[in-house]
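Trainee: Here it is, the structure, as structure tokens.
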Amino acid sequence: MTEWNKTEYELVKNTFVFSGASDKVIEAALANEECVKKSYIKGECIFTPDNYFKALGLIISGSVQVSKDTMGGNRLAISRLGRGEVFGAAAIFNDLDSFATTLTALQDSTVIFFPESLVKRMMTEDFTIAENYIRYQSGRIRFLSRKIDELSAGSAENRLAKYLLENTTDSGTVAASMTELAEMLNIGRASLYRAIDALCQSGAVKKEGRKLIVTDKENLKKL
């Protein structure tokens with residue numbers, strides 16, 4: 001049986017999907033053999049579109065890179081998840097046969113997995129968990145709707161500036177091919193090059209090979 005310490009228990013209890021749920025239900029879930037804790041070394045894939053299982057994953061240490069395969073066969077970073085954040089909510093309770101993204105450990109990381117069958121049992125025992133899950137998915141729908149609006153409106157400079165603010169690493173760097181970036185932003189490559197030139201001229205960004213480096217975050221926010 002997996003051993004859990006108090007810090008891990010509190011992290012689970014305060015996660016959005018289990019917030020306000022009965023201690024008895026959470027304790028029973030953690031004691032269930034279906035609930036497992038797995039460790040990953042830096043650079044190791046956690047989930048890929050073809051290699052995953054239907055479960056809610058909670059990061060209890062480390063951080064995880066979320067990336068998406070492009071039409072050109074390359075991989076583009078989308079976001080990063082840290083301690084206390086969850087993934088896999090969209091992978092449970094559906095009949096899809098693939099995972100939407102690739103999840104890679106950015107550093108040595110540990111994840112608690114709650115398989116779909118266990119989450120379903122917890123929802124049956126405490127409807128608060130079902131409400132939390134529905135609320136989260138509704139929020140994701142609104143978020144994606146806003147993203148579509150943002151990517152379908154505004155100048156190429158606006159879109160690029162927003163993307164850079166949301167996806168730069170701790171060193172302020174985004175590395176991607178121009179084809180991938182243009183595809184992600186839904187703009188032509190010529191428009192992308194002009195946008196990069198404009199941001200570089202503003203002093204907010206500098207370009208080094210395939211890398212775009214944010215040099216003035218506040219300036220970029222204004223753009």
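To be explicit about the labels: the chains of the structure tokens are called A, B, and onward in the order shown, and within each one the residues are counted from 1, while ligands get numbers from 1 in the order they are shown.
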Just the residues within 9 Å of Leu103 (chain A), please, counting only C-alpha atoms, with nothing from its chain fewer than 6 positions along; format it as a list of chain:residue names.
Mentor: A:Glu44, A:Cys45, A:Ile46, A:Phe47, A:Thr48, A:Val64, A:Gln65, A:Val66, A:Ser67
Trainee: Just want the 8 Å neighbourhood of region 57-63 of chain A, counted on only C-alpha atoms, with same-chain residues fewer than 6 positions away dropped. Output as an MDAnalysis selection string.
Mentor: chainID A and resid 8 11:12 80:88 105:114
Trainee: Could you give me the residues within region 77-133 of chain A that DSSP places in alpha helix (DSSP H), as a ChimeraX atom specification?
Mentor: /A:116-125,127-133
Trainee: In chain A, what's strand (DSSP E or B) per DSSP? Answer as a PyMOL selection string?
Mentor: chain A and resi 36-40+45-48+51+55-61+64-69+75-81+86-87+102-105+109-115+173-175+205-208+211-214
Trainee: Can you tell me which residues surround Ser177 (chain A) at a distance of at most 10 Å, considering only C-alpha atoms, apart from same-chain residues fewer than 6 positions away, and format the answer as an mmCIF file with all heavy atoms, in the first residue's frame?
Mentor:
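Produced file out-v4.cif, reproduced below:
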```cif
data_model
loop_
_atom_site.group_PDB
_atom_site.id
_atom_site.type_symbol
_atom_site.label_atom_id
_atom_site.label_comp_id
_atom_site.auth_asym_id
_atom_site.auth_seq_id
_atom_site.Cartn_x
_atom_site.Cartn_y
_atom_site.Cartn_z
ATOM 1 N N ASN A 74 6.371 18.629 -35.303
ATOM 2 C CA ASN A 74 7.227 19.143 -34.246
ATOM 3 C C ASN A 74 6.428 19.289 -32.952
ATOM 4 O O ASN A 74 5.220 19.126 -32.933
ATOM 5 C CB ASN A 74 7.824 20.488 -34.654
ATOM 6 C CG ASN A 74 8.720 20.358 -35.871
ATOM 7 O OD1 ASN A 74 9.652 19.561 -35.867
ATOM 8 N ND2 ASN A 74 8.428 21.127 -36.915
ATOM 9 N N ARG A 75 7.108 19.617 -31.866
ATOM 10 C CA ARG A 75 6.458 19.742 -30.569
ATOM 11 C C ARG A 75 6.609 21.159 -30.052
ATOM 12 O O ARG A 75 7.711 21.687 -29.970
ATOM 13 C CB ARG A 75 7.073 18.737 -29.590
ATOM 14 C CG ARG A 75 6.342 18.633 -28.255
ATOM 15 C CD ARG A 75 6.834 17.427 -27.486
ATOM 16 N NE ARG A 75 6.410 16.197 -28.125
ATOM 17 C CZ ARG A 75 6.852 14.989 -27.798
ATOM 18 N NH1 ARG A 75 7.756 14.872 -26.840
ATOM 19 N NH2 ARG A 75 6.418 13.925 -28.417
ATOM 20 N N LEU A 76 5.493 21.777 -29.698
ATOM 21 C CA LEU A 76 5.484 23.166 -29.263
ATOM 22 C C LEU A 76 5.024 23.262 -27.811
ATOM 23 O O LEU A 76 3.985 22.717 -27.442
ATOM 24 C CB LEU A 76 4.548 23.977 -30.153
ATOM 25 C CG LEU A 76 4.567 25.494 -29.996
ATOM 26 C CD1 LEU A 76 5.940 26.056 -30.348
ATOM 27 C CD2 LEU A 76 3.508 26.132 -30.889
ATOM 28 N N GLU A 183 1.836 28.840 -36.987
ATOM 29 C CA GLU A 183 0.684 27.938 -36.919
ATOM 30 C C GLU A 183 -0.053 28.112 -35.602
ATOM 31 O O GLU A 183 -1.288 28.189 -35.569
ATOM 32 C CB GLU A 183 1.172 26.493 -37.060
ATOM 33 C CG GLU A 183 0.060 25.453 -37.011
ATOM 34 C CD GLU A 183 0.619 24.042 -37.096
ATOM 35 O OE1 GLU A 183 1.589 23.823 -37.841
ATOM 36 O OE2 GLU A 183 0.071 23.158 -36.414
ATOM 37 N N GLY A 209 18.886 33.163 -33.132
ATOM 38 C CA GLY A 209 18.605 31.911 -33.839
ATOM 39 C C GLY A 209 17.130 31.590 -33.772
ATOM 40 O O GLY A 209 16.290 32.406 -34.158
ATOM 41 N N ARG A 210 16.803 30.398 -33.263
ATOM 42 C CA ARG A 210 15.399 30.003 -33.119
ATOM 43 C C ARG A 210 14.785 30.520 -31.825
ATOM 44 O O ARG A 210 13.594 30.341 -31.595
ATOM 45 C CB ARG A 210 15.284 28.468 -33.135
ATOM 46 C CG ARG A 210 15.547 27.826 -34.485
ATOM 47 C CD ARG A 210 15.324 26.330 -34.419
ATOM 48 N NE ARG A 210 14.000 26.022 -33.911
ATOM 49 C CZ ARG A 210 13.536 24.769 -33.785
ATOM 50 N NH1 ARG A 210 14.306 23.746 -34.105
ATOM 51 N NH2 ARG A 210 12.333 24.540 -33.316
ATOM 52 N N LYS A 211 15.565 31.160 -31.000
ATOM 53 C CA LYS A 211 15.083 31.590 -29.698
ATOM 54 C C LYS A 211 14.597 33.035 -29.715
ATOM 55 O O LYS A 211 15.235 33.900 -30.308
ATOM 56 C CB LYS A 211 16.179 31.443 -28.654
ATOM 57 C CG LYS A 211 16.590 30.007 -28.372
ATOM 58 C CD LYS A 211 17.673 29.964 -27.301
ATOM 59 C CE LYS A 211 18.080 28.540 -26.998
ATOM 60 N NZ LYS A 211 19.152 28.497 -25.961
#
```
Trainee: Using only C-alpha atoms, determine which residues lie at most 12 Å from Ile129 (chain A), disregarding the query and same-chain residues fewer than 2 positions distant; provide the list as a list in words.
Mentor: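 Listed by chain and then number, they are Lys13, Asn14, Thr15, Phe16, Val17, Phe18, Ser19, Gly20, Ala21, Ser22, Asp23, Val25, Ile26, Leu118, Val119, Lys120, Arg121, Met122, Met123, Thr124, Glu125, Asp126, Phe127, Glu131, Asn132, Tyr133, Ile134, Arg135 and Tyr136 of chain A.
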Trainee: Would you output that residue set with N, CA and C atoms, as an mmCIF file, in the first residue's frame?
Mentor:
```cif
data_model
loop_
_atom_site.group_PDB
_atom_site.id
_atom_site.type_symbol
_atom_site.label_atom_id
_atom_site.label_comp_id
_atom_site.auth_asym_id
_atom_site.auth_seq_id
_atom_site.Cartn_x
_atom_site.Cartn_y
_atom_site.Cartn_z
ATOM 1 N N LYS A 13 -6.166 17.392 -0.376
ATOM 2 C CA LYS A 13 -7.385 17.969 0.203
ATOM 3 C C LYS A 13 -7.661 19.370 -0.328
ATOM 4 N N ASN A 14 -6.601 20.127 -0.624
ATOM 5 C CA ASN A 14 -6.773 21.509 -1.081
ATOM 6 C C ASN A 14 -6.816 21.653 -2.599
ATOM 7 N N THR A 15 -6.677 20.541 -3.306
ATOM 8 C CA THR A 15 -6.781 20.582 -4.764
ATOM 9 C C THR A 15 -8.212 20.921 -5.162
ATOM 10 N N PHE A 16 -8.375 21.683 -6.238
ATOM 11 C CA PHE A 16 -9.699 22.179 -6.620
ATOM 12 C C PHE A 16 -10.761 21.088 -6.650
ATOM 13 N N VAL A 17 -10.453 19.927 -7.190
ATOM 14 C CA VAL A 17 -11.481 18.895 -7.385
ATOM 15 C C VAL A 17 -11.898 18.244 -6.063
ATOM 16 N N PHE A 18 -11.025 18.271 -5.047
ATOM 17 C CA PHE A 18 -11.365 17.654 -3.771
ATOM 18 C C PHE A 18 -11.645 18.681 -2.676
ATOM 19 N N SER A 19 -11.611 19.961 -3.029
ATOM 20 C CA SER A 19 -11.831 21.023 -2.055
ATOM 21 C C SER A 19 -13.226 20.917 -1.434
ATOM 22 N N GLY A 20 -13.284 20.890 -0.111
ATOM 23 C CA GLY A 20 -14.569 20.818 0.585
ATOM 24 C C GLY A 20 -15.125 19.417 0.713
ATOM 25 N N ALA A 21 -14.435 18.437 0.179
ATOM 26 C CA ALA A 21 -14.916 17.060 0.245
ATOM 27 C C ALA A 21 -14.683 16.467 1.632
ATOM 28 N N SER A 22 -15.400 15.421 1.922
ATOM 29 C CA SER A 22 -15.291 14.747 3.204
ATOM 30 C C SER A 22 -13.893 14.156 3.413
ATOM 31 N N ASP A 23 -13.344 14.362 4.615
ATOM 32 C CA ASP A 23 -12.050 13.762 4.940
ATOM 33 C C ASP A 23 -12.113 12.247 4.798
ATOM 34 N N VAL A 25 -13.858 10.440 2.734
ATOM 35 C CA VAL A 25 -13.801 10.025 1.326
ATOM 36 C C VAL A 25 -12.377 10.146 0.792
ATOM 37 N N ILE A 26 -11.697 11.243 1.125
ATOM 38 C CA ILE A 26 -10.315 11.442 0.658
ATOM 39 C C ILE A 26 -9.384 10.394 1.248
ATOM 40 N N LEU A 118 -11.821 5.363 -9.708
ATOM 41 C CA LEU A 118 -11.738 5.847 -8.332
ATOM 42 C C LEU A 118 -12.375 7.226 -8.205
ATOM 43 N N VAL A 119 -12.135 8.104 -9.183
ATOM 44 C CA VAL A 119 -12.750 9.439 -9.167
ATOM 45 C C VAL A 119 -14.272 9.313 -9.219
ATOM 46 N N LYS A 120 -14.746 8.391 -10.048
ATOM 47 C CA LYS A 120 -16.197 8.176 -10.164
ATOM 48 C C LYS A 120 -16.782 7.719 -8.829
ATOM 49 N N ARG A 121 -16.074 6.827 -8.145
ATOM 50 C CA ARG A 121 -16.537 6.335 -6.849
ATOM 51 C C ARG A 121 -16.564 7.472 -5.824
ATOM 52 N N MET A 122 -15.537 8.323 -5.870
ATOM 53 C CA MET A 122 -15.478 9.447 -4.935
ATOM 54 C C MET A 122 -16.621 10.429 -5.188
ATOM 55 N N MET A 123 -16.945 10.648 -6.465
ATOM 56 C CA MET A 123 -18.045 11.546 -6.804
ATOM 57 C C MET A 123 -19.377 11.003 -6.304
ATOM 58 N N THR A 124 -19.535 9.681 -6.379
ATOM 59 C CA THR A 124 -20.763 9.045 -5.911
ATOM 60 C C THR A 124 -20.906 9.184 -4.401
ATOM 61 N N GLU A 125 -19.773 9.078 -3.704
ATOM 62 C CA GLU A 125 -19.790 9.147 -2.247
ATOM 63 C C GLU A 125 -19.885 10.581 -1.729
ATOM 64 N N ASP A 126 -19.406 11.538 -2.516
ATOM 65 C CA ASP A 126 -19.453 12.947 -2.100
ATOM 66 C C ASP A 126 -19.667 13.808 -3.342
ATOM 67 N N PHE A 127 -20.892 14.319 -3.497
ATOM 68 C CA PHE A 127 -21.247 15.060 -4.710
ATOM 69 C C PHE A 127 -20.473 16.365 -4.836
ATOM 70 N N GLU A 131 -19.352 18.358 -8.303
ATOM 71 C CA GLU A 131 -19.592 19.783 -8.542
ATOM 72 C C GLU A 131 -18.289 20.513 -8.859
ATOM 73 N N ASN A 132 -17.244 20.184 -8.107
ATOM 74 C CA ASN A 132 -15.948 20.818 -8.348
ATOM 75 C C ASN A 132 -15.423 20.500 -9.738
ATOM 76 N N TYR A 133 -15.572 19.247 -10.131
ATOM 77 C CA TYR A 133 -15.096 18.810 -11.444
ATOM 78 C C TYR A 133 -15.862 19.529 -12.558
ATOM 79 N N ILE A 134 -17.175 19.616 -12.432
ATOM 80 C CA ILE A 134 -18.005 20.292 -13.436
ATOM 81 C C ILE A 134 -17.646 21.774 -13.495
ATOM 82 N N ARG A 135 -17.444 22.381 -12.341
ATOM 83 C CA ARG A 135 -17.081 23.808 -12.279
ATOM 84 C C ARG A 135 -15.740 24.040 -12.986
ATOM 85 N N TYR A 136 -14.798 23.142 -12.756
ATOM 86 C CA TYR A 136 -13.479 23.256 -13.391
ATOM 87 C C TYR A 136 -13.595 23.141 -14.907
#
```
Trainee: For the atom pair CA of Glu34 (chain A) and CA of Ile141 (chain A), what is the interatomic distance in Å to one decimal place?
Mentor: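 Interatomic distance here is 29.1 Å.
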Trainee: Can you work out the spacing between CA of Tyr9 (chain A) and CA of Asn94 (chain A) in Å, to one decimal?
Mentor: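 Separation of CA of Tyr9 (chain A) and CA of Asn94 (chain A): 27.9 Å.
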Trainee: Nearest residue to Leu185 (chain A) out of A:Glu157, A:Glu27, A:Asp216, A:Asp97, using only C-alpha atoms?
Mentor: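 Among A:Glu157, A:Glu27, A:Asp216, A:Asp97, it is A:Glu157 that comes nearest to Leu185 (chain A).
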